[in-house]
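Structure below is query-v3.json: JSON, C-alpha atoms.
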[["chain", "number", "residue", "atom", "x", "y", "z"],
["D", 541, "MET", "CA", 15.39, -90.49, 88.30],
["D", 542, "THR", "CA", 12.87, -88.22, 86.59],
["D", 543, "LYS", "CA", 15.13, -87.76, 83.54],
["D", 544, "VAL", "CA", 13.83, -91.12, 82.29],
["D", 545, "PHE", "CA", 10.80, -90.80, 80.02],
["D", 546, "GLY", "CA", 7.65, -91.82, 81.91],
["D", 547, "LEU", "CA", 9.13, -91.74, 85.41],
["D", 548, "GLY", "CA", 7.50, -88.90, 87.32],
["D", 549, "ARG", "CA", 8.30, -87.44, 90.69],
["D", 550, "SER", "CA", 5.68, -89.37, 92.67],
["D", 551, "THR", "CA", 6.64, -92.73, 91.16],
["D", 552, "ALA", "CA", 10.33, -92.04, 91.74],
["D", 553, "GLN", "CA", 9.62, -91.15, 95.37],
["D", 554, "ASN", "CA", 7.56, -94.32, 95.80],
["D", 555, "LEU", "CA", 10.39, -96.46, 94.43],
["D", 556, "TYR", "CA", 12.89, -94.70, 96.68],
["D", 557, "ASP", "CA", 10.73, -95.24, 99.74],
["D", 558, "ARG", "CA", 10.32, -98.94, 98.90],
["D", 559, "GLY", "CA", 14.07, -99.55, 98.87],
["D", 560, "PHE", "CA", 15.17, -98.68, 95.33],
["D", 561, "PRO", "CA", 17.24, -95.49, 95.75],
["D", 562, "SER", "CA", 18.88, -95.44, 92.30],
["D", 563, "LEU", "CA", 18.04, -96.14, 88.69],
["D", 564, "ASP", "CA", 20.58, -98.97, 88.66],
["D", 565, "ASP", "CA", 18.64, -100.60, 91.52],
["D", 566, "ILE", "CA", 15.39, -100.23, 89.60],
["D", 567, "VAL", "CA", 16.88, -101.61, 86.37],
["D", 568, "ARG", "CA", 18.24, -104.68, 88.14],
["D", 569, "ALA", "CA", 14.97, -105.25, 89.98],
["D", 570, "ALA", "CA", 12.88, -104.86, 86.82],
["D", 571, "ALA", "CA", 15.17, -107.26, 84.93],
["D", 572, "ALA", "CA", 14.69, -109.79, 87.74],
["D", 573, "SER", "CA", 10.90, -109.25, 87.63],
["D", 574, "ASP", "CA", 10.87, -107.94, 91.19],
["D", 575, "PRO", "CA", 7.17, -107.90, 92.19],
["D", 576, "VAL", "CA", 7.43, -104.62, 94.11],
["D", 577, "VAL", "CA", 8.97, -102.74, 91.20],
["D", 578, "LEU", "CA", 6.60, -104.27, 88.66],
["D", 579, "GLN", "CA", 3.64, -103.40, 90.87],
["D", 580, "ILE", "CA", 4.74, -99.76, 91.15],
["D", 581, "LEU", "CA", 5.55, -99.40, 87.45],
["D", 582, "GLY", "CA", 2.43, -101.30, 86.40],
["D", 583, "SER", "CA", 1.95, -101.59, 82.66],
["D", 584, "ARG", "CA", 4.28, -98.73, 81.73],
["D", 585, "ASP", "CA", 5.97, -100.53, 78.87],
["D", 586, "THR", "CA", 7.57, -97.32, 77.60],
["D", 587, "LEU", "CA", 9.23, -96.69, 80.95],
["D", 588, "LEU", "CA", 10.51, -100.26, 81.19],
["D", 589, "ARG", "CA", 12.05, -99.91, 77.73],
["D", 590, "CYS", "CA", 13.76, -96.64, 78.67],
["D", 591, "LEU", "CA", 15.20, -97.73, 82.01],
["D", 592, "PRO", "CA", 18.18, -99.72, 80.63],
["D", 593, "HIS", "CA", 19.28, -96.56, 78.79],
["D", 594, "HIS", "CA", 19.05, -94.18, 81.75],
["D", 595, "ARG", "CA", 22.76, -93.29, 81.69],
["D", 596, "ASP", "CA", 22.52, -92.11, 78.09],
["D", 597, "LEU", "CA", 19.31, -90.17, 78.80],
["D", 598, "ALA", "CA", 20.90, -88.41, 81.78],
["D", 599, "ALA", "CA", 24.05, -87.45, 79.86],
["D", 600, "PRO", "CA", 24.24, -83.88, 78.51],
["D", 601, "LEU", "CA", 23.29, -83.34, 74.88],
["D", 602, "TYR", "CA", 25.30, -80.54, 73.28],
["D", 603, "ARG", "CA", 24.26, -78.23, 70.49],
["D", 604, "ASP", "CA", 26.64, -79.65, 67.88],
["D", 605, "GLU", "CA", 25.17, -83.13, 68.29],
["D", 606, "ALA", "CA", 21.61, -81.73, 68.35],
["D", 607, "GLU", "CA", 22.21, -79.90, 65.07],
["D", 608, "MET", "CA", 23.54, -83.10, 63.53],
["D", 609, "PHE", "CA", 20.31, -84.90, 64.44],
["D", 610, "VAL", "CA", 18.30, -82.07, 62.88],
["D", 611, "GLU", "CA", 20.37, -82.31, 59.70],
["D", 612, "LEU", "CA", 19.73, -86.06, 59.44],
["D", 613, "LEU", "CA", 16.01, -85.62, 60.09],
["D", 614, "SER", "CA", 15.85, -82.79, 57.58],
["D", 615, "ASP", "CA", 17.39, -85.06, 54.94],
["D", 616, "ALA", "CA", 14.85, -87.78, 55.78],
["D", 617, "PHE", "CA", 11.85, -85.46, 55.52],
["D", 618, "ARG", "CA", 13.05, -83.66, 52.41],
["D", 619, "ALA", "CA", 13.63, -86.96, 50.67],
["D", 620, "VAL", "CA", 9.87, -87.43, 51.02],
["D", 621, "GLU", "CA", 8.77, -83.80, 50.63],
["D", 622, "PRO", "CA", 11.51, -81.42, 49.37],
["D", 623, "ARG", "CA", 9.64, -78.34, 50.65],
["D", 624, "MET", "CA", 9.66, -79.46, 54.30],
["D", 625, "CYS", "CA", 11.24, -77.08, 56.80],
["D", 626, "VAL", "CA", 12.91, -78.82, 59.77],
["D", 627, "GLY", "CA", 14.45, -76.98, 62.72],
["D", 628, "LEU", "CA", 15.26, -76.92, 66.41],
["D", 629, "ALA", "CA", 12.64, -76.09, 69.01],
["D", 630, "GLY", "CA", 12.75, -76.21, 72.81],
["D", 631, "GLY", "CA", 15.78, -75.10, 74.77],
["D", 632, "PHE", "CA", 18.15, -75.16, 71.82],
["D", 633, "ARG", "CA", 15.98, -72.65, 69.96],
["D", 634, "ARG", "CA", 16.15, -70.47, 73.08],
["D", 635, "GLY", "CA", 19.93, -70.43, 72.71],
["D", 636, "GLN", "CA", 20.91, -73.10, 75.19],
["D", 637, "GLU", "CA", 24.15, -74.91, 74.38],
["D", 638, "CYS", "CA", 23.31, -78.03, 76.36],
["D", 639, "GLY", "CA", 20.21, -80.03, 77.26],
["D", 640, "HIS", "CA", 19.03, -83.59, 77.84],
["D", 641, "ASP", "CA", 16.56, -84.05, 74.99],
["D", 642, "LEU", "CA", 15.76, -82.61, 71.61],
["D", 643, "ASP", "CA", 12.56, -81.11, 70.15],
["D", 644, "VAL", "CA", 12.41, -80.98, 66.36],
["D", 645, "LEU", "CA", 9.64, -79.08, 64.57],
["D", 646, "CYS", "CA", 8.87, -80.13, 61.00],
["D", 647, "VAL", "CA", 6.68, -77.77, 58.98],
["D", 648, "HIS", "CA", 4.76, -79.15, 56.00],
["D", 649, "PRO", "CA", 4.12, -76.61, 53.20],
["D", 650, "ASP", "CA", 0.55, -77.81, 52.61],
["D", 651, "GLY", "CA", -2.49, -78.55, 54.73],
["D", 652, "LYS", "CA", -2.86, -80.84, 57.72],
["D", 653, "GLN", "CA", -4.19, -83.71, 55.57],
["D", 654, "GLN", "CA", -0.70, -84.25, 54.15],
["D", 655, "SER", "CA", 1.18, -84.36, 57.47],
["D", 656, "PRO", "CA", 0.29, -87.96, 58.47],
["D", 657, "GLN", "CA", 1.20, -89.25, 55.01],
["D", 658, "VAL", "CA", 4.61, -87.61, 55.23],
["D", 659, "MET", "CA", 5.23, -89.06, 58.69],
["D", 660, "GLU", "CA", 4.29, -92.53, 57.50],
["D", 661, "ARG", "CA", 6.82, -92.44, 54.69],
["D", 662, "VAL", "CA", 9.55, -90.87, 56.83],
["D", 663, "LEU", "CA", 9.06, -93.48, 59.54],
["D", 664, "ALA", "CA", 9.39, -96.28, 57.03],
["D", 665, "GLN", "CA", 12.68, -94.72, 55.94],
["D", 666, "LEU", "CA", 13.92, -94.15, 59.50],
["D", 667, "ARG", "CA", 13.23, -97.76, 60.46],
["D", 668, "ARG", "CA", 15.64, -98.87, 57.76],
["D", 669, "SER", "CA", 18.32, -96.46, 58.97],
["D", 670, "GLU", "CA", 20.82, -96.47, 61.82],
["D", 671, "LEU", "CA", 19.20, -93.38, 63.35],
["D", 672, "LEU", "CA", 15.92, -94.53, 64.94],
["D", 673, "LYS", "CA", 16.49, -96.99, 67.79],
["D", 674, "LEU", "CA", 13.37, -97.06, 69.94],
["D", 675, "GLU", "CA", 9.87, -95.63, 69.52],
["D", 676, "LEU", "CA", 8.30, -94.52, 72.79],
["D", 677, "THR", "CA", 4.79, -93.50, 71.80],
["D", 678, "GLU", "CA", 1.88, -95.91, 71.70],
["D", 679, "HIS", "CA", 0.27, -97.22, 68.55],
["D", 680, "SER", "CA", -2.34, -94.89, 67.12],
["D", 681, "ALA", "CA", -5.12, -95.28, 64.60],
["D", 682, "GLY", "CA", -4.32, -93.56, 61.35],
["D", 683, "LEU", "CA", -1.01, -95.27, 60.70],
["D", 684, "HIS", "CA", -2.16, -98.88, 60.75],
["D", 685, "ALA", "CA", -0.47, -99.68, 57.46],
["D", 686, "LEU", "CA", 2.95, -99.41, 59.10],
["D", 687, "ASP", "CA", 1.91, -100.73, 62.52],
["D", 688, "CYS", "CA", 3.98, -97.92, 63.99],
["D", 689, "ASP", "CA", 4.10, -96.32, 67.40],
["D", 690, "VAL", "CA", 3.17, -92.76, 66.45],
["D", 691, "HIS", "CA", 0.66, -91.03, 68.68],
["D", 692, "TYR", "CA", -1.50, -88.19, 67.43],
["D", 693, "ARG", "CA", -1.87, -85.96, 70.43],
["D", 694, "ASP", "CA", -3.57, -82.60, 70.82],
["D", 695, "SER", "CA", -6.92, -81.57, 72.17],
["D", 696, "ASP", "CA", -7.48, -79.08, 69.34],
["D", 697, "ASP", "CA", -6.16, -80.80, 66.24],
["D", 698, "VAL", "CA", -4.66, -84.02, 64.95],
["D", 699, "HIS", "CA", -1.04, -84.04, 63.86],
["D", 700, "PRO", "CA", 1.66, -86.70, 64.03],
["D", 701, "LYS", "CA", 4.18, -86.57, 66.86],
["D", 702, "LEU", "CA", 6.93, -89.13, 67.26],
["D", 703, "LEU", "CA", 8.60, -89.57, 70.65],
["D", 704, "CYS", "CA", 11.63, -91.80, 70.31],
["D", 705, "LEU", "CA", 15.24, -92.60, 71.12],
["D", 706, "MET", "CA", 17.76, -91.92, 68.37],
["D", 707, "GLN", "CA", 21.48, -92.48, 68.00],
["D", 708, "LEU", "CA", 23.92, -90.90, 65.58],
["D", 709, "PRO", "CA", 25.13, -93.36, 62.93],
["D", 710, "PRO", "CA", 28.81, -94.34, 63.39],
["D", 711, "ALA", "CA", 30.06, -92.16, 60.53],
["D", 712, "HIS", "CA", 28.29, -89.06, 61.84],
["D", 713, "HIS", "CA", 29.46, -89.74, 65.38],
["D", 714, "SER", "CA", 33.04, -89.94, 64.12],
["D", 715, "THR", "CA", 32.58, -86.59, 62.37],
["D", 716, "LEU", "CA", 31.18, -85.09, 65.58],
["D", 717, "LEU", "CA", 34.20, -86.18, 67.62],
["D", 718, "ARG", "CA", 36.64, -85.12, 64.90],
["D", 719, "ASN", "CA", 35.13, -81.63, 64.85],
["D", 720, "ARG", "CA", 35.34, -81.41, 68.65],
["D", 721, "ARG", "CA", 38.99, -82.46, 68.64],
["D", 722, "ALA", "CA", 39.75, -79.83, 66.00],
["D", 723, "TRP", "CA", 38.13, -77.11, 68.11],
["D", 724, "GLN", "CA", 39.97, -78.21, 71.22],
["D", 725, "ALA", "CA", 43.27, -78.40, 69.36],
["D", 726, "ALA", "CA", 42.69, -74.80, 68.30],
["D", 727, "GLY", "CA", 42.38, -73.82, 71.96],
["D", 728, "PHE", "CA", 38.62, -73.35, 72.15],
["D", 729, "GLU", "CA", 37.93, -75.90, 74.88],
["D", 730, "ALA", "CA", 37.00, -73.21, 77.42],
["D", 731, "SER", "CA", 35.27, -70.92, 74.95],
["D", 732, "ALA", "CA", 31.54, -70.44, 74.44],
["D", 733, "ALA", "CA", 32.28, -70.64, 70.71],
["D", 734, "ALA", "CA", 33.39, -74.27, 71.00],
["D", 735, "PRO", "CA", 30.89, -76.99, 70.05],
["D", 736, "GLY", "CA", 30.82, -78.18, 73.65],
["D", 737, "GLY", "CA", 30.88, -81.88, 74.41],
["D", 738, "PRO", "CA", 33.84, -84.14, 75.18],
["D", 739, "ALA", "CA", 35.92, -85.32, 72.25],
["D", 740, "ASP", "CA", 35.81, -88.94, 73.46],
["D", 741, "GLU", "CA", 32.07, -89.16, 74.11],
["D", 742, "PRO", "CA", 30.58, -92.56, 73.22],
["D", 743, "ARG", "CA", 27.60, -92.96, 70.92],
["D", 744, "ARG", "CA", 24.57, -92.34, 73.07],
["D", 745, "LEU", "CA", 20.86, -92.86, 72.73],
["D", 746, "ARG", "CA", 19.11, -89.49, 72.77],
["D", 747, "ARG", "CA", 15.50, -88.60, 73.51],
["D", 748, "VAL", "CA", 14.06, -86.89, 70.43],
["D", 749, "ASP", "CA", 10.53, -85.53, 69.92],
["D", 750, "VAL", "CA", 9.56, -84.98, 66.28],
["D", 751, "ILE", "CA", 6.46, -82.87, 65.61],
["D", 752, "VAL", "CA", 4.92, -82.34, 62.18],
["D", 753, "ILE", "CA", 2.56, -79.41, 61.59],
["D", 754, "PRO", "CA", 1.17, -77.68, 58.48],
["D", 755, "HIS", "CA", 2.56, -74.31, 57.44],
["D", 756, "HIS", "CA", -0.50, -72.29, 58.45],
["D", 757, "GLN", "CA", 0.05, -73.37, 62.09],
["D", 758, "ARG", "CA", 3.82, -72.82, 62.10],
["D", 759, "GLY", "CA", 3.66, -69.71, 64.30],
["D", 760, "PHE", "CA", 1.61, -71.48, 66.96],
["D", 761, "GLY", "CA", 3.94, -74.49, 66.85],
["D", 762, "LEU", "CA", 7.07, -72.38, 67.22],
["D", 763, "LEU", "CA", 5.53, -70.40, 70.07],
["D", 764, "GLY", "CA", 4.33, -73.51, 71.87],
["D", 765, "TRP", "CA", 7.35, -75.78, 71.48],
["D", 766, "THR", "CA", 10.00, -73.16, 72.14],
["D", 767, "GLY", "CA", 9.12, -72.89, 75.84],
["D", 768, "THR", "CA", 9.98, -72.44, 78.59],
["D", 769, "SER", "CA", 7.27, -74.30, 80.49],
["D", 770, "LEU", "CA", 6.81, -71.33, 82.82],
["D", 771, "TYR", "CA", 6.59, -68.87, 79.92],
["D", 772, "GLU", "CA", 4.04, -71.08, 78.13],
["D", 773, "ARG", "CA", 1.96, -71.55, 81.26],
["D", 774, "ASP", "CA", 1.83, -67.82, 81.96],
["D", 775, "LEU", "CA", 1.14, -67.06, 78.30],
["D", 776, "ARG", "CA", -1.85, -69.40, 78.18],
["D", 777, "ARG", "CA", -3.16, -68.15, 81.50],
["D", 778, "TRP", "CA", -2.97, -64.57, 80.19],
["D", 779, "ALA", "CA", -4.75, -65.60, 76.99],
["D", 780, "LYS", "CA", -7.60, -67.22, 78.91],
["D", 781, "GLU", "CA", -8.04, -64.85, 81.85],
["D", 782, "VAL", "CA", -7.26, -61.52, 80.20],
["D", 783, "ARG", "CA", -8.08, -61.96, 76.50],
["D", 784, "GLY", "CA", -10.77, -64.64, 76.77],
["D", 785, "VAL", "CA", -9.17, -66.98, 74.26],
["D", 786, "HIS", "CA", -7.77, -70.49, 74.33],
["D", 787, "LEU", "CA", -4.20, -70.75, 73.03],
["D", 788, "SER", "CA", -2.66, -74.07, 72.00],
["D", 789, "ASN", "CA", 0.29, -75.25, 69.94],
["D", 790, "TYR", "CA", -1.96, -75.27, 66.87],
["D", 791, "TRP", "CA", -4.38, -72.35, 67.00],
["D", 792, "MET", "CA", -6.26, -69.83, 69.11],
["D", 793, "TYR", "CA", -10.02, -69.63, 69.54],
["D", 794, "SER", "CA", -12.54, -67.52, 71.43],
["D", 795, "MET", "CA", -13.74, -68.98, 74.74],
["D", 796, "ASP", "CA", -17.20, -67.48, 74.08],
["D", 797, "THR", "CA", -17.87, -68.36, 70.45],
["D", 798, "LYS", "CA", -15.50, -71.36, 70.17],
["D", 799, "GLN", "CA", -14.46, -69.93, 66.80],
["D", 800, "PRO", "CA", -10.85, -69.40, 65.66],
["D", 801, "VAL", "CA", -9.46, -65.93, 66.29],
["D", 802, "PRO", "CA", -9.05, -64.17, 62.90],
["D", 803, "PHE", "CA", -5.64, -62.98, 61.73],
["D", 804, "ASP", "CA", -4.60, -60.77, 58.83],
["D", 805, "SER", "CA", -2.53, -63.57, 57.30],
["D", 806, "ASP", "CA", -3.35, -67.22, 56.68],
["D", 807, "ALA", "CA", -0.17, -68.28, 58.51],
["D", 808, "PRO", "CA", 0.37, -65.89, 61.43],
["D", 809, "GLY", "CA", 3.84, -65.69, 62.90],
["D", 810, "GLU", "CA", 4.78, -65.59, 66.56],
["D", 811, "ASP", "CA", 4.81, -61.79, 66.49],
["D", 812, "GLU", "CA", 1.25, -61.63, 65.14],
["D", 813, "ILE", "CA", -0.01, -64.12, 67.74],
["D", 814, "LEU", "CA", 1.56, -62.20, 70.61],
["D", 815, "ALA", "CA", 0.27, -58.90, 69.22],
["D", 816, "LYS", "CA", -3.25, -60.36, 69.11],
["D", 817, "LEU", "CA", -2.83, -61.17, 72.81],
["D", 818, "GLY", "CA", -1.70, -57.61, 73.49],
["D", 819, "LEU", "CA", 1.82, -58.71, 74.37],
["D", 820, "PRO", "CA", 5.22, -57.62, 73.05],
["D", 821, "PHE", "CA", 7.26, -60.00, 70.92],
["D", 822, "LEU", "CA", 10.08, -61.73, 72.75],
["D", 823, "PHE", "CA", 12.93, -63.40, 70.91],
["D", 824, "PRO", "CA", 13.34, -67.08, 71.83],
["D", 825, "TRP", "CA", 16.39, -66.36, 74.03],
["D", 826, "GLU", "CA", 14.32, -63.81, 75.97],
["D", 827, "ARG", "CA", 11.77, -66.46, 76.99],
["D", 828, "CYS", "CA", 14.02, -68.27, 79.47],
["D", 829, "ALA", "CA", 11.77, -67.42, 82.40]]

Just give me the structure of the file as structure tokens.
Amino acid sequence: MTKVFGLGRSTAQNLYDRGFPSLDDIVRAAAASDPVVLQILGSRDTLLRCLPHHRDLAAPLYRDEAEMFVELLSDAFRAVEPRMCVGLAGGFRRGQECGHDLDVLCVHPDGKQQSPQVMERVLAQLRRSELLKLELTEHSAGLHALDCDVHYRDSDDVHPKLLCLMQLPPAHHSTLLRNRRAWQAAGFEASAAAPGGPADEPRRLRRVDVIVIPHHQRGFGLLGWTGTSLYERDLRRWAKEVRGVHLSNYWMYSMDTKQPVPFDSDAPGEDEILAKLGLPFLFPWERCA
């Protein structure tokens, strides 16, 4: 149940205890306006919109499809700003071949003031495409002109982050399946070198998080959105308890002075940030704690 965006462990347990043991049961009850389900879910509009798509959201997402999404998003961002750098974060950056959602980090070459403008224009383009199907984040001030559902979220800084459901356009999905059939025909179906997913997989809605940050915070963004959750939690605890600094996905500041920690470069990389914390650099695939 908890693979659906917005459905946490306690809510899932409550629904189970009240006689709704499966997502199909919850979907049917919500569609019929069952008072018990609606009372438990409350005003969680995002969750209610995701529930009908729970089978897609629970289905494995393989690396070849993830990379195709990144390619499409890269084209969309570079059509607006050719210098944008778009890449995988999360589990796929750690080397995983399969997951259930996709984190995409988009780095703007200039300052933070330009990031919201880029997201506005990209969103307008995505809404006219076959890629973006459902926006999950709530409306936020700052993008009123498009009346969009982007939510700026971070306690330290303000940058656009789009949480949404996307689906490969038909032509790209056909290419995906054709590539998989070619690999399987070549005898790679049981090999780690094969793209992965089934060659007859239907077009699915996929959970995609798109984060835009300026270049000078790229190292913090990569470190924060690569994961794992356990590694990030321990890293931030070490920063606070041992080094006396607050570490976020955007910067690092002293707990005493509340001032940013100085670095030798204007855009410190992951290695510089970890060195400042007195920790060795770990490659993304070494962070699977």

Revision key, fill the gap. Between atom CA of D:Pro709 and atom CA of D:Val620 lies a distance of 20.2 Å

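Distance-wise, atom CA of D:Pro656 and atom CA of D:Trp765 end up 19.2 Å apart.
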
Exercise for review: Within 7 Å of stretch 806-815 of chain D, counting all atoms listed in the file, which residues show up once you throw out same-chain ones fewer than 2 positions away? Write them as number ranges by chain, please.
Suggested key: D: 755-757, 759-760, 763, 803-804, 817-821

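Taking only C-alpha atoms into account, the protein, DNA and RNA residues within 10 Å of (17.5, -78.8, 57.6) read Glu607, Met608, Phe609, Val610, Glu611, Leu612, Leu613, Ser614, Asp615, Ala616, Phe617, Arg618, Met624, Cys625, Val626, Gly627, Leu628 and Cys646 of chain D.
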
Atoms to include: C-alpha atoms. Write the selected residues as a PDB file, in the coordinates of the input.
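What ended up in out_13.pdb:
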ATOM      1  CA  GLU D 607      22.210 -79.900  65.070  1.00  0.00           C
ATOM      2  CA  MET D 608      23.540 -83.100  63.530  1.00  0.00           C
ATOM      3  CA  PHE D 609      20.310 -84.900  64.440  1.00  0.00           C
ATOM      4  CA  VAL D 610      18.300 -82.070  62.880  1.00  0.00           C
ATOM      5  CA  GLU D 611      20.370 -82.310  59.700  1.00  0.00           C
ATOM      6  CA  LEU D 612      19.730 -86.060  59.440  1.00  0.00           C
ATOM      7  CA  LEU D 613      16.010 -85.620  60.090  1.00  0.00           C
ATOM      8  CA  SER D 614      15.850 -82.790  57.580  1.00  0.00           C
ATOM      9  CA  ASP D 615      17.390 -85.060  54.940  1.00  0.00           C
ATOM     10  CA  ALA D 616      14.850 -87.780  55.780  1.00  0.00           C
ATOM     11  CA  PHE D 617      11.850 -85.460  55.520  1.00  0.00           C
ATOM     12  CA  ARG D 618      13.050 -83.660  52.410  1.00  0.00           C
ATOM     13  CA  MET D 624       9.660 -79.460  54.300  1.00  0.00           C
ATOM     14  CA  CYS D 625      11.240 -77.080  56.800  1.00  0.00           C
ATOM     15  CA  VAL D 626      12.910 -78.820  59.770  1.00  0.00           C
ATOM     16  CA  GLY D 627      14.450 -76.980  62.720  1.00  0.00           C
ATOM     17  CA  LEU D 628      15.260 -76.920  66.410  1.00  0.00           C
ATOM     18  CA  CYS D 646       8.870 -80.130  61.000  1.00  0.00           C
TER      19      CYS D 646
END

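A cut-off of 7 Å from the point (23.9, -80.7, 73.9), with only C-alpha atoms, picks out the residues Pro600, Leu601, Tyr602, Arg603, Asp604, Glu605, Ala606, Glu637, Cys638, Gly639 and His640 of chain D.
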
Next, dump the selected residues to file, keeping only C-alpha atoms, as an mmCIF file, in the frame of the given file.
data_model
loop_
_atom_site.group_PDB
_atom_site.id
_atom_site.type_symbol
_atom_site.label_atom_id
_atom_site.label_comp_id
_atom_site.auth_asym_id
_atom_site.auth_seq_id
_atom_site.Cartn_x
_atom_site.Cartn_y
_atom_site.Cartn_z
ATOM 1 C CA PRO D 600 24.240 -83.880 78.510
ATOM 2 C CA LEU D 601 23.290 -83.340 74.880
ATOM 3 C CA TYR D 602 25.300 -80.540 73.280
ATOM 4 C CA ARG D 603 24.260 -78.230 70.490
ATOM 5 C CA ASP D 604 26.640 -79.650 67.880
ATOM 6 C CA GLU D 605 25.170 -83.130 68.290
ATOM 7 C CA ALA D 606 21.610 -81.730 68.350
ATOM 8 C CA GLU D 637 24.150 -74.910 74.380
ATOM 9 C CA CYS D 638 23.310 -78.030 76.360
ATOM 10 C CA GLY D 639 20.210 -80.030 77.260
ATOM 11 C CA HIS D 640 19.030 -83.590 77.840
#

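Of note, atom CA of D:Ala598 and atom CA of D:Val544 are spaced 7.6 Å apart.
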
Selection near stretch 578-592 of chain D, 7 Å with all atoms listed in the file, sequence-local residues under 4 positions removed, as a tab-separated table (two decimals) with C-alpha atoms, keeping the file's coordinate frame:
chain	number	residue	atom	x	y	z
D	544	VAL	CA	13.83	-91.12	82.29
D	545	PHE	CA	10.80	-90.80	80.02
D	546	GLY	CA	7.65	-91.82	81.91
D	547	LEU	CA	9.13	-91.74	85.41
D	567	VAL	CA	16.88	-101.61	86.37
D	570	ALA	CA	12.88	-104.86	86.82
D	573	SER	CA	10.90	-109.25	87.63
D	574	ASP	CA	10.87	-107.94	91.19
D	676	LEU	CA	8.30	-94.52	72.79

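When only C-alpha atoms are used to measure the gap to D:His648, the shortest distance among D:Pro754, D:Gln724, D:Arg827, D:Trp778 belongs to D:Pro754.
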
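In this comparison, which uses all atoms listed in the file, the residue of D:Ala619, D:Arg783, D:His713, D:Asp565 approaching D:Gln665 most closely is D:Ala619.
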
Check your understanding: Which one is closest to D:Gly559: D:Leu674, D:Met659, D:Val801, D:Val576? Count all atoms listed in the file.
Key -> D:Val576
